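With mmCIF, C-alpha atoms and all ligand atoms inside, this is model13.cif:
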```
data_start
loop_
_atom_site.group_PDB
_atom_site.id
_atom_site.type_symbol
_atom_site.label_atom_id
_atom_site.label_comp_id
_atom_site.auth_asym_id
_atom_site.auth_seq_id
_atom_site.Cartn_x
_atom_site.Cartn_y
_atom_site.Cartn_z
ATOM 1 C CA MET A 531 -110.840 173.688 -0.997
ATOM 2 C CA ALA A 532 -110.487 171.196 -3.802
ATOM 3 C CA HIS A 533 -107.150 169.521 -4.330
ATOM 4 C CA TRP A 534 -106.900 168.249 -7.885
ATOM 5 C CA PRO A 535 -103.290 167.760 -9.015
ATOM 6 C CA GLU A 536 -104.380 167.179 -12.621
ATOM 7 C CA ALA A 537 -106.159 170.543 -12.926
ATOM 8 C CA THR A 538 -103.122 172.380 -14.280
ATOM 9 C CA THR A 539 -102.264 169.615 -16.736
ATOM 10 C CA ILE A 540 -105.818 169.681 -18.044
ATOM 11 C CA LEU A 541 -105.732 173.460 -18.522
ATOM 12 C CA ASN A 542 -102.475 173.045 -20.454
ATOM 13 C CA LEU A 543 -104.168 170.459 -22.677
ATOM 14 C CA ILE A 544 -107.061 172.852 -23.309
ATOM 15 C CA GLU A 545 -104.645 175.658 -24.168
ATOM 16 C CA ALA A 546 -102.702 173.409 -26.555
ATOM 17 C CA ALA A 547 -105.752 172.028 -28.368
ATOM 18 C CA ASP A 548 -107.365 173.575 -31.409
ATOM 19 C CA THR A 549 -110.378 171.253 -31.432
ATOM 20 C CA ILE A 550 -112.091 170.265 -28.186
ATOM 21 C CA MET A 551 -114.949 167.748 -28.025
ATOM 22 C CA ILE A 552 -117.052 167.762 -24.867
ATOM 23 C CA HIS A 553 -118.997 164.568 -24.184
ATOM 24 C CA ARG A 554 -121.123 163.285 -21.275
ATOM 25 C CA HIS A 555 -123.340 160.315 -20.478
ATOM 26 C CA VAL A 556 -126.296 158.970 -22.461
ATOM 27 C CA ARG A 557 -129.818 160.010 -21.421
ATOM 28 C CA PRO A 558 -128.405 163.251 -20.023
ATOM 29 C CA ASP A 559 -129.702 164.942 -16.899
ATOM 30 C CA PRO A 560 -129.299 168.627 -16.014
ATOM 31 C CA ASP A 561 -125.861 168.016 -14.476
ATOM 32 C CA ALA A 562 -124.533 166.241 -17.564
ATOM 33 C CA LEU A 563 -125.829 168.991 -19.883
ATOM 34 C CA GLY A 564 -125.152 171.901 -17.546
ATOM 35 C CA SER A 565 -121.516 170.913 -17.040
ATOM 36 C CA GLN A 566 -121.051 170.133 -20.743
ATOM 37 C CA LEU A 567 -122.619 173.339 -22.101
ATOM 38 C CA GLY A 568 -121.271 175.454 -19.242
ATOM 39 C CA LEU A 569 -117.695 174.290 -19.847
ATOM 40 C CA LYS A 570 -118.052 174.930 -23.588
ATOM 41 C CA ARG A 571 -119.173 178.476 -22.880
ATOM 42 C CA ILE A 572 -116.314 179.091 -20.432
ATOM 43 C CA ILE A 573 -113.651 177.775 -22.840
ATOM 44 C CA GLU A 574 -115.086 179.645 -25.840
ATOM 45 C CA ARG A 575 -115.131 182.951 -24.015
ATOM 46 C CA ALA A 576 -111.567 182.525 -22.791
ATOM 47 C CA TYR A 577 -110.220 181.170 -26.101
ATOM 48 C CA PRO A 578 -112.370 182.517 -28.971
ATOM 49 C CA ASP A 579 -110.183 180.881 -31.646
ATOM 50 C CA LYS A 580 -110.681 177.316 -30.451
ATOM 51 C CA HIS A 581 -113.296 174.999 -31.939
ATOM 52 C CA VAL A 582 -115.331 173.589 -29.073
ATOM 53 C CA TYR A 583 -118.088 171.054 -29.814
ATOM 54 C CA VAL A 584 -120.745 169.552 -27.546
ATOM 55 C CA VAL A 585 -121.723 166.047 -28.585
ATOM 56 C CA GLY A 586 -124.582 163.641 -27.786
ATOM 57 C CA GLY A 587 -128.327 163.177 -27.900
ATOM 58 C CA ILE A 588 -130.677 165.362 -25.927
ATOM 59 C CA ALA A 589 -134.233 165.026 -24.582
ATOM 60 C CA ARG A 590 -136.761 167.683 -25.569
ATOM 61 C CA ASP A 591 -137.448 168.543 -21.918
ATOM 62 C CA LEU A 592 -133.894 169.780 -21.492
ATOM 63 C CA GLU A 593 -133.416 171.567 -24.801
ATOM 64 C CA PHE A 594 -133.779 174.890 -23.022
ATOM 65 C CA LEU A 595 -130.232 174.354 -21.750
ATOM 66 C CA GLY A 596 -128.730 174.371 -25.243
ATOM 67 C CA LYS A 597 -128.150 172.481 -28.464
ATOM 68 C CA MET A 598 -125.771 169.677 -29.373
ATOM 69 C CA GLN A 599 -123.551 169.864 -32.465
ATOM 70 C CA HIS A 600 -122.832 167.614 -35.395
ATOM 71 C CA VAL A 601 -119.314 166.195 -35.607
ATOM 72 C CA GLU A 602 -117.508 163.870 -38.015
ATOM 73 C CA PRO A 603 -115.227 160.997 -36.933
ATOM 74 C CA GLU A 604 -112.146 162.498 -38.604
ATOM 75 C CA MET A 605 -112.471 165.604 -36.444
ATOM 76 C CA TYR A 606 -111.256 163.494 -33.502
ATOM 77 C CA ASP A 607 -107.800 162.785 -34.923
ATOM 78 C CA GLU A 608 -106.197 165.835 -33.330
ATOM 79 C CA ALA A 609 -108.926 166.602 -30.791
ATOM 80 C CA LEU A 610 -108.847 166.896 -27.046
ATOM 81 C CA VAL A 611 -111.877 165.042 -25.667
ATOM 82 C CA LEU A 612 -113.353 166.036 -22.318
ATOM 83 C CA VAL A 613 -115.831 163.490 -20.943
ATOM 84 C CA LEU A 614 -117.999 164.850 -18.135
ATOM 85 C CA ASP A 615 -120.183 163.167 -15.500
ATOM 86 C CA THR A 616 -119.635 159.665 -16.951
ATOM 87 C CA ALA A 617 -118.227 156.894 -14.753
ATOM 88 C CA ASN A 618 -117.781 154.169 -17.347
ATOM 89 C CA HIS A 619 -116.972 154.287 -21.027
ATOM 90 C CA GLU A 620 -120.099 152.321 -22.048
ATOM 91 C CA ARG A 621 -122.212 155.254 -20.842
ATOM 92 C CA ILE A 622 -120.457 157.901 -22.940
ATOM 93 C CA ASP A 623 -122.852 159.478 -25.459
ATOM 94 C CA GLY A 624 -121.263 159.668 -28.910
ATOM 95 C CA PRO A 625 -119.353 156.828 -30.585
ATOM 96 C CA CYS A 626 -116.020 158.585 -31.180
ATOM 97 C CA ALA A 627 -115.192 160.003 -27.749
ATOM 98 C CA LEU A 628 -112.335 157.610 -27.017
ATOM 99 C CA LYS A 629 -110.854 158.186 -30.504
ATOM 100 C CA GLY A 630 -109.596 161.602 -29.458
ATOM 101 C CA LYS A 631 -105.886 162.331 -29.375
ATOM 102 C CA THR A 632 -106.159 162.863 -25.615
ATOM 103 C CA VAL A 633 -109.099 161.912 -23.404
ATOM 104 C CA VAL A 634 -109.850 163.587 -20.080
ATOM 105 C CA LYS A 635 -112.476 162.461 -17.572
ATOM 106 C CA ILE A 636 -114.079 164.916 -15.154
ATOM 107 C CA ASP A 637 -116.598 163.292 -12.841
ATOM 108 C CA HIS A 638 -118.059 162.902 -9.360
ATOM 109 C CA HIS A 639 -119.189 159.257 -9.596
ATOM 110 C CA PRO A 640 -117.150 156.457 -8.016
ATOM 111 C CA ASP A 641 -114.189 155.802 -10.296
ATOM 112 C CA GLU A 642 -114.838 152.371 -11.784
ATOM 113 C CA ASP A 643 -113.386 152.719 -15.242
ATOM 114 C CA GLU A 644 -110.194 154.638 -15.914
ATOM 115 C CA TYR A 645 -110.873 155.182 -19.597
ATOM 116 C CA ALA A 646 -109.044 158.515 -19.805
ATOM 117 C CA THR A 647 -105.388 159.506 -19.834
ATOM 118 C CA HIS A 648 -105.994 162.338 -17.368
ATOM 119 C CA GLN A 649 -108.791 162.696 -14.886
ATOM 120 C CA ILE A 650 -110.357 164.618 -12.071
ATOM 121 C CA VAL A 651 -112.701 162.337 -10.165
ATOM 122 C CA ASP A 652 -113.990 163.631 -6.839
ATOM 123 C CA THR A 653 -116.923 161.860 -5.227
ATOM 124 C CA THR A 654 -117.125 164.464 -2.440
ATOM 125 C CA VAL A 655 -118.439 167.086 -4.854
ATOM 126 C CA SER A 656 -122.203 167.369 -5.420
ATOM 127 C CA SER A 657 -122.091 167.407 -9.182
ATOM 128 C CA THR A 658 -119.862 167.673 -12.213
ATOM 129 C CA SER A 659 -121.230 171.180 -12.676
ATOM 130 C CA GLU A 660 -119.833 172.098 -9.272
ATOM 131 C CA ILE A 661 -116.429 170.672 -10.311
ATOM 132 C CA VAL A 662 -116.524 172.775 -13.499
ATOM 133 C CA ALA A 663 -117.397 175.918 -11.508
ATOM 134 C CA GLU A 664 -114.489 175.177 -9.163
ATOM 135 C CA LEU A 665 -112.161 174.525 -12.114
ATOM 136 C CA ALA A 666 -113.092 177.871 -13.691
ATOM 137 C CA ARG A 667 -111.919 179.494 -10.462
ATOM 138 C CA ILE A 668 -108.707 177.417 -10.285
ATOM 139 C CA TRP A 669 -107.963 178.101 -13.958
ATOM 140 C CA ASP A 670 -108.875 181.771 -13.592
ATOM 141 C CA LEU A 671 -111.319 181.589 -16.510
ATOM 142 C CA ALA A 672 -114.319 183.910 -16.422
ATOM 143 C CA ILE A 673 -117.886 182.767 -15.820
ATOM 144 C CA ASP A 674 -120.734 184.852 -17.225
ATOM 145 C CA GLU A 675 -124.493 184.830 -16.719
ATOM 146 C CA GLN A 676 -125.038 182.066 -19.285
ATOM 147 C CA SER A 677 -122.380 179.680 -17.984
ATOM 148 C CA ALA A 678 -123.518 180.434 -14.430
ATOM 149 C CA PHE A 679 -127.098 179.522 -15.404
ATOM 150 C CA LEU A 680 -125.942 176.204 -16.890
ATOM 151 C CA LEU A 681 -123.721 175.206 -13.970
ATOM 152 C CA PHE A 682 -126.356 176.250 -11.447
ATOM 153 C CA ALA A 683 -128.912 174.081 -13.291
ATOM 154 C CA GLY A 684 -126.573 171.103 -12.943
ATOM 155 C CA ILE A 685 -126.024 171.646 -9.235
ATOM 156 C CA VAL A 686 -129.767 172.091 -8.650
ATOM 157 C CA GLY A 687 -130.459 168.879 -10.555
ATOM 158 C CA ASP A 688 -127.944 166.660 -8.774
ATOM 159 C CA THR A 689 -128.689 168.004 -5.286
ATOM 160 C CA GLY A 690 -132.475 167.853 -5.726
ATOM 161 C CA ARG A 691 -132.679 171.604 -5.187
ATOM 162 C CA PHE A 692 -130.061 171.470 -2.401
ATOM 163 C CA GLN A 693 -131.869 168.935 -0.263
ATOM 164 C CA PHE A 694 -129.705 165.820 -0.778
ATOM 165 C CA ARG A 695 -126.762 165.248 1.524
ATOM 166 C CA ASN A 696 -124.266 165.800 -1.305
ATOM 167 C CA ALA A 697 -124.938 169.556 -0.968
ATOM 168 C CA THR A 698 -121.947 170.652 1.130
ATOM 169 C CA PRO A 699 -121.060 174.079 2.519
ATOM 170 C CA ARG A 700 -118.856 174.489 -0.569
ATOM 171 C CA THR A 701 -121.817 173.665 -2.835
ATOM 172 C CA PHE A 702 -123.783 176.505 -1.279
ATOM 173 C CA GLU A 703 -120.825 178.909 -1.634
ATOM 174 C CA ILE A 704 -120.459 178.071 -5.307
ATOM 175 C CA ALA A 705 -124.218 178.284 -5.871
ATOM 176 C CA SER A 706 -124.198 181.671 -4.166
ATOM 177 C CA ASP A 707 -121.410 182.888 -6.476
ATOM 178 C CA LEU A 708 -123.291 181.613 -9.535
ATOM 179 C CA ILE A 709 -126.528 183.355 -8.530
ATOM 180 C CA GLY A 710 -124.422 186.502 -8.198
ATOM 181 C CA TYR A 711 -124.008 186.570 -11.997
ATOM 182 C CA GLY A 712 -127.656 187.578 -12.211
ATOM 183 C CA ILE A 713 -129.148 184.322 -13.380
ATOM 184 C CA ASP A 714 -132.916 184.084 -13.595
ATOM 185 C CA THR A 715 -133.648 181.294 -11.125
ATOM 186 C CA ASN A 716 -137.391 181.688 -11.663
ATOM 187 C CA ARG A 717 -136.987 180.882 -15.334
ATOM 188 C CA LEU A 718 -134.718 177.968 -14.494
ATOM 189 C CA TYR A 719 -137.107 176.356 -12.022
ATOM 190 C CA ARG A 720 -140.069 176.968 -14.325
ATOM 191 C CA GLN A 721 -138.305 175.210 -17.204
ATOM 192 C CA MET A 722 -136.680 172.484 -15.156
ATOM 193 C CA TYR A 723 -139.757 171.417 -13.218
ATOM 194 C CA LYS A 724 -142.524 171.945 -15.729
ATOM 195 C CA THR A 725 -144.747 168.950 -16.273
ATOM 196 C CA ASN A 726 -147.697 167.998 -18.464
ATOM 197 C CA LEU A 727 -151.068 166.483 -17.722
ATOM 198 C CA ALA A 728 -150.093 162.971 -18.867
ATOM 199 C CA THR A 729 -147.045 162.936 -16.572
ATOM 200 C CA LEU A 730 -149.076 164.330 -13.709
ATOM 201 C CA GLN A 731 -151.622 161.561 -14.135
ATOM 202 C CA LEU A 732 -148.877 158.949 -14.309
ATOM 203 C CA GLN A 733 -147.556 160.395 -11.062
ATOM 204 C CA GLY A 734 -151.044 159.846 -9.666
ATOM 205 C CA TYR A 735 -150.756 156.198 -10.691
ATOM 206 C CA VAL A 736 -147.337 155.923 -9.016
ATOM 207 C CA LEU A 737 -148.687 157.385 -5.774
ATOM 208 C CA GLN A 738 -151.722 155.081 -5.863
ATOM 209 C CA ASN A 739 -149.650 151.967 -6.462
ATOM 210 C CA VAL A 740 -146.514 152.306 -4.355
ATOM 211 C CA GLN A 741 -145.999 149.307 -2.088
ATOM 212 C CA VAL A 742 -143.889 149.294 1.061
ATOM 213 C CA THR A 743 -142.371 146.218 2.688
ATOM 214 C CA GLU A 744 -142.058 145.758 6.431
ATOM 215 C CA SER A 745 -138.380 146.705 6.367
ATOM 216 C CA GLY A 746 -139.073 150.043 4.683
ATOM 217 C CA VAL A 747 -138.451 149.272 1.021
ATOM 218 C CA GLY A 748 -140.829 151.069 -1.331
ATOM 219 C CA TYR A 749 -141.425 149.904 -4.865
ATOM 220 C CA VAL A 750 -143.534 150.646 -7.911
ATOM 221 C CA LYS A 751 -143.865 148.642 -11.097
ATOM 222 C CA ILE A 752 -144.513 150.515 -14.353
ATOM 223 C CA ASP A 753 -144.984 148.064 -17.200
ATOM 224 C CA ALA A 754 -145.606 148.779 -20.870
ATOM 225 C CA ASP A 755 -149.402 148.712 -20.367
ATOM 226 C CA VAL A 756 -149.213 151.459 -17.764
ATOM 227 C CA LEU A 757 -146.960 153.545 -20.022
ATOM 228 C CA ARG A 758 -149.470 153.135 -22.856
ATOM 229 C CA THR A 759 -152.400 154.081 -20.630
ATOM 230 C CA PHE A 760 -150.738 157.341 -19.620
ATOM 231 C CA HIS A 761 -149.046 158.008 -22.991
ATOM 232 C CA ALA A 762 -145.763 158.220 -21.115
ATOM 233 C CA THR A 763 -142.206 157.397 -22.128
ATOM 234 C CA PRO A 764 -139.983 155.232 -19.911
ATOM 235 C CA GLU A 765 -137.777 158.315 -19.374
ATOM 236 C CA ALA A 766 -140.691 160.423 -18.127
ATOM 237 C CA ALA A 767 -141.766 157.612 -15.818
ATOM 238 C CA SER A 768 -138.267 157.168 -14.389
ATOM 239 C CA LEU A 769 -138.181 160.820 -13.380
ATOM 240 C CA LEU A 770 -141.007 160.153 -10.927
ATOM 241 C CA VAL A 771 -138.793 157.999 -8.710
ATOM 242 C CA ASN A 772 -138.664 160.628 -5.972
ATOM 243 C CA SER A 773 -142.369 161.420 -5.977
ATOM 244 C CA PHE A 774 -143.085 159.322 -2.870
ATOM 245 C CA SER A 775 -139.753 159.832 -1.080
ATOM 246 C CA GLY A 776 -141.442 161.656 1.800
ATOM 247 C CA LEU A 777 -143.370 158.553 2.841
ATOM 248 C CA GLU A 778 -142.979 157.866 6.522
ATOM 249 C CA GLY A 779 -140.840 154.832 7.369
ATOM 250 C CA LEU A 780 -139.284 154.656 3.913
ATOM 251 C CA LYS A 781 -135.561 153.731 3.977
ATOM 252 C CA CYS A 782 -134.936 152.994 0.331
ATOM 253 C CA TRP A 783 -137.142 152.669 -2.696
ATOM 254 C CA VAL A 784 -137.106 151.498 -6.246
ATOM 255 C CA MET A 785 -138.991 152.058 -9.438
ATOM 256 C CA PHE A 786 -139.165 149.416 -12.168
ATOM 257 C CA VAL A 787 -139.930 150.767 -15.637
ATOM 258 C CA GLU A 788 -140.341 148.535 -18.666
ATOM 259 C CA ASN A 789 -138.338 149.788 -21.643
ATOM 260 C CA LYS A 790 -138.590 147.694 -24.816
ATOM 261 C CA ASP A 791 -137.247 144.241 -23.928
ATOM 262 C CA GLU A 792 -135.673 145.182 -20.623
ATOM 263 C CA ILE A 793 -136.671 146.726 -17.311
ATOM 264 C CA ARG A 794 -134.943 149.845 -16.008
ATOM 265 C CA VAL A 795 -134.418 149.947 -12.274
ATOM 266 C CA ARG A 796 -134.073 153.262 -10.416
ATOM 267 C CA ILE A 797 -133.035 152.925 -6.793
ATOM 268 C CA ARG A 798 -132.905 155.675 -4.150
ATOM 269 C CA SER A 799 -132.043 155.580 -0.471
ATOM 270 C CA LYS A 800 -132.074 157.676 2.683
ATOM 271 C CA GLY A 801 -129.413 155.579 4.424
ATOM 272 C CA PRO A 802 -128.805 151.960 3.356
ATOM 273 C CA VAL A 803 -126.102 151.712 0.686
ATOM 274 C CA ILE A 804 -127.756 150.559 -2.523
ATOM 275 C CA ASN A 805 -125.204 150.933 -5.333
ATOM 276 C CA GLU A 806 -123.625 147.564 -4.509
ATOM 277 C CA ILE A 807 -126.977 145.980 -5.275
ATOM 278 C CA ALA A 808 -127.271 147.969 -8.508
ATOM 279 C CA LYS A 809 -123.869 146.618 -9.584
ATOM 280 C CA ARG A 810 -125.180 143.066 -9.358
ATOM 281 C CA TYR A 811 -127.863 143.946 -11.913
ATOM 282 C CA ARG A 812 -125.901 145.607 -14.738
ATOM 283 C CA GLY A 813 -125.782 148.985 -13.065
ATOM 284 C CA GLY A 814 -124.131 151.214 -10.529
ATOM 285 C CA GLY A 815 -124.102 154.775 -9.277
ATOM 286 C CA HIS A 816 -123.880 156.606 -5.997
ATOM 287 C CA PRO A 817 -124.398 154.973 -2.577
ATOM 288 C CA MET A 818 -127.790 156.710 -2.226
ATOM 289 C CA ALA A 819 -128.871 156.882 -5.889
ATOM 290 C CA ALA A 820 -128.223 154.170 -8.426
ATOM 291 C CA GLY A 821 -129.644 152.512 -11.494
ATOM 292 C CA ALA A 822 -129.675 149.004 -12.921
ATOM 293 C CA THR A 823 -131.282 146.896 -15.632
ATOM 294 C CA ILE A 824 -133.076 143.565 -15.368
ATOM 295 C CA ASP A 825 -134.591 141.336 -18.033
ATOM 296 C CA THR A 826 -137.653 139.791 -16.410
ATOM 297 C CA TRP A 827 -140.286 140.677 -13.839
ATOM 298 C CA GLU A 828 -139.183 137.640 -11.799
ATOM 299 C CA GLU A 829 -135.911 139.447 -11.156
ATOM 300 C CA MET A 830 -137.873 142.346 -9.699
ATOM 301 C CA ASP A 831 -138.545 140.253 -6.602
ATOM 302 C CA ASP A 832 -134.813 139.480 -6.267
ATOM 303 C CA VAL A 833 -133.967 143.194 -6.334
ATOM 304 C CA ILE A 834 -136.613 143.968 -3.713
ATOM 305 C CA ALA A 835 -135.334 141.102 -1.534
ATOM 306 C CA ALA A 836 -131.762 142.404 -1.809
ATOM 307 C CA LEU A 837 -132.930 145.896 -0.801
ATOM 308 C CA GLU A 838 -134.809 144.461 2.158
ATOM 309 C CA GLU A 839 -131.584 142.861 3.333
ATOM 310 C CA VAL A 840 -129.791 146.222 3.548
ATOM 311 C CA ALA A 841 -132.874 148.112 4.775
ATOM 312 C CA ALA A 842 -133.861 145.782 7.627
ATOM 313 C CA PRO A 843 -130.852 146.425 9.913
ATOM 314 C CA PHE A 844 -130.706 150.146 9.098
ATOM 315 C CA GLU A 845 -131.942 152.682 11.611
ATOM 316 C CA PHE A 846 -132.061 156.451 11.314
ATOM 317 C CA GLU A 847 -129.939 158.298 13.856
ATOM 318 C CA ASN A 848 -131.195 161.139 16.013
ATOM 319 C CA GLU A 849 -134.763 160.298 15.333
ATOM 320 C CA GLU A 850 -137.540 159.326 17.680
ATOM 321 C CA SER A 851 -139.543 156.602 16.079
HETATM 322 MN MN MN B 1 -123.851 164.276 -12.068
#
```
Show me the file's structure as structure tokens.
Ligand SMILES: [Mn+2]
Amino acid sequence: MAHWPEATTILNLIEAADTIMIHRHVRPDPDALGSQLGLKRIIERAYPDKHVYVVGGIARDLEFLGKMQHVEPEMYDEALVLVLDTANHERIDGPCALKGKTVVKIDHHPDEDEYATHQIVDTTVSSTSEIVAELARIWDLAIDEQSAFLLFAGIVGDTGRFQFRNATPRTFEIASDLIGYGIDTNRLYRQMYKTNLATLQLQGYVLQNVQVTESGVGYVKIDADVLRTFHATPEAASLLVNSFSGLEGLKCWVMFVENKDEIRVRIRSKGPVINEIAKRYRGGGHPMAAGATIDTWEEMDDVIAALEEVAAPFEFENEES
């Protein structure tokens, strides 16, 4: 069971606040949005008189989860700000988050930037949505079908539909409770994993062009020409990073996607720790899933070489080769 000494303090802050701003990271994923919108719903149902706002940009693919709200800078003067799923302050979506009267961080990424006055950071939990579901239980605040749907979406997103190793026995218990609220998982999966022909054809390109080094490092390069050919955005391309994860012999892999004047780097792993490498290239993240940014294609070879260094000595346990 979770042990978060700050949980009670944070509930007291919520109870004392009239205006609550909920933020999360830029380029949100289902966990960022699910935890943000789910927590808003939980607080609003428990405290109907409070003004709870969700802030940030949103991608069209995820609009089925809910809408963001417009806020003005002066609304932060007396506000409690809750920042979810965001390890460092540069990644917070919305310019005013740290201008709040009190700032709270709730996250499951490694704690690299203590930008808040109070925080719950637990890297053993699958997702921020799982933390929020656990907090609702600790705080004795009710979940309903809608908040359950949102939090479940976040857990599904961050665990890759419960297949990544961050899905613990507790994750499954919480997911089971959430499904018990009657959420339509068919609708969720249909909306979350829908694709279009252009993306499908880009995925075809990715599968045709993945390269694998001798030490088990996979990589794909998606430059601006490729994006143009498939009418794809850098965001859509980045989502394809796991499309060849089942490849035999693969230990870690990386996708390079050109985005304006820089190159986004998405790194994934089945064993070798890769977030230390991401940190060297303006990035970071989890040991098995991280992101970085480079400026030139020459640097791409450096990243691949660094991944080869951690991949070469790594061997899978309990596996006949
Ligand atoms: Mn997350």
For this session: Return as a list in words every polymer residue, whether protein, DNA or RNA, with at least one atom no more than 6 Å from an atom of ligand MN 1 (chain B); count all atoms listed in the file.
Result: Asp561, Ala562, Asp615, Ser657, Thr658 and Asp688 of chain A
Problem set entry | Result set, the PyMOL selection byres (((chain A and resi 670-684) around 8) and not hetatm) on current file, as a ChimeraX atom specification | /A:559-565,567-569,571-573,575-576,595,657-660,662-663,666-669,685-688,705,708-709,711-714,718
Exercise. In Å, how far is it from atom CA of A:Thr725 to atom CA of A:Ala766?
Worked result: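 The value is 9.6 Å.
Proximity to A:Tyr719 was assessed for A:Phe694, A:Phe594, A:Tyr577, A:Trp534 counting all atoms listed in the file; the smallest distance is recorded for A:Phe594.
As for atom CA of A:Gly690 and atom CA of A:Met818, they are spaced 12.6 Å apart.
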Exercise. Which one of A:Asn789, A:Thr616, A:Gln693, A:Thr539 sits closest to A:Asp641 if you count only C-alpha atoms?
Worked result: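 Nearest to A:Asp641: A:Thr616.
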Problem set entry | Ref. answer, residues at most 10 Å from (-141.3, 141.8, 5.2) with all atoms listed in the file, as a PyMOL selection string | chain A and resi 742-747+835+838-839+842
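Take the candidates A:Val803, A:Met605, A:Ile550, A:Ile661 and check each one against A:Ala537 using only C-alpha atoms; the shortest distance goes to A:Ile661.
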Would you kindly place N, CA and C atoms on stretch 665-677 of chain A and return the model as a tab-separated table (two decimals), in the coordinates of the input?
```tsv
chain	number	residue	atom	x	y	z
A	665	LEU	N	-113.29	174.49	-11.16
A	665	LEU	CA	-112.16	174.52	-12.11
A	665	LEU	C	-112.02	175.91	-12.75
A	666	ALA	N	-113.14	176.54	-13.09
A	666	ALA	CA	-113.09	177.87	-13.69
A	666	ALA	C	-112.35	178.82	-12.74
A	667	ARG	N	-112.60	178.65	-11.46
A	667	ARG	CA	-111.92	179.49	-10.46
A	667	ARG	C	-110.42	179.15	-10.41
A	668	ILE	N	-110.11	177.85	-10.35
A	668	ILE	CA	-108.71	177.42	-10.28
A	668	ILE	C	-107.96	177.87	-11.54
A	669	TRP	N	-108.61	177.75	-12.69
A	669	TRP	CA	-107.96	178.10	-13.96
A	669	TRP	C	-107.98	179.60	-14.22
A	670	ASP	N	-108.73	180.34	-13.41
A	670	ASP	CA	-108.88	181.77	-13.59
A	670	ASP	C	-109.53	182.10	-14.95
A	671	LEU	N	-110.54	181.32	-15.30
A	671	LEU	CA	-111.32	181.59	-16.51
A	671	LEU	C	-112.67	182.17	-16.09
A	672	ALA	N	-113.12	183.17	-16.84
A	672	ALA	CA	-114.32	183.91	-16.42
A	672	ALA	C	-115.60	183.11	-16.64
A	673	ILE	N	-116.52	183.27	-15.69
A	673	ILE	CA	-117.89	182.77	-15.82
A	673	ILE	C	-118.75	183.97	-16.16
A	674	ASP	N	-119.79	183.77	-16.97
A	674	ASP	CA	-120.73	184.85	-17.23
A	674	ASP	C	-122.14	184.36	-16.87
A	675	GLU	N	-123.14	185.18	-17.13
A	675	GLU	CA	-124.49	184.83	-16.72
A	675	GLU	C	-124.94	183.49	-17.33
A	676	GLN	N	-124.59	183.29	-18.62
A	676	GLN	CA	-125.04	182.07	-19.28
A	676	GLN	C	-124.36	180.81	-18.72
A	677	SER	N	-123.05	180.87	-18.55
A	677	SER	CA	-122.38	179.68	-17.98
A	677	SER	C	-122.81	179.47	-16.54
```
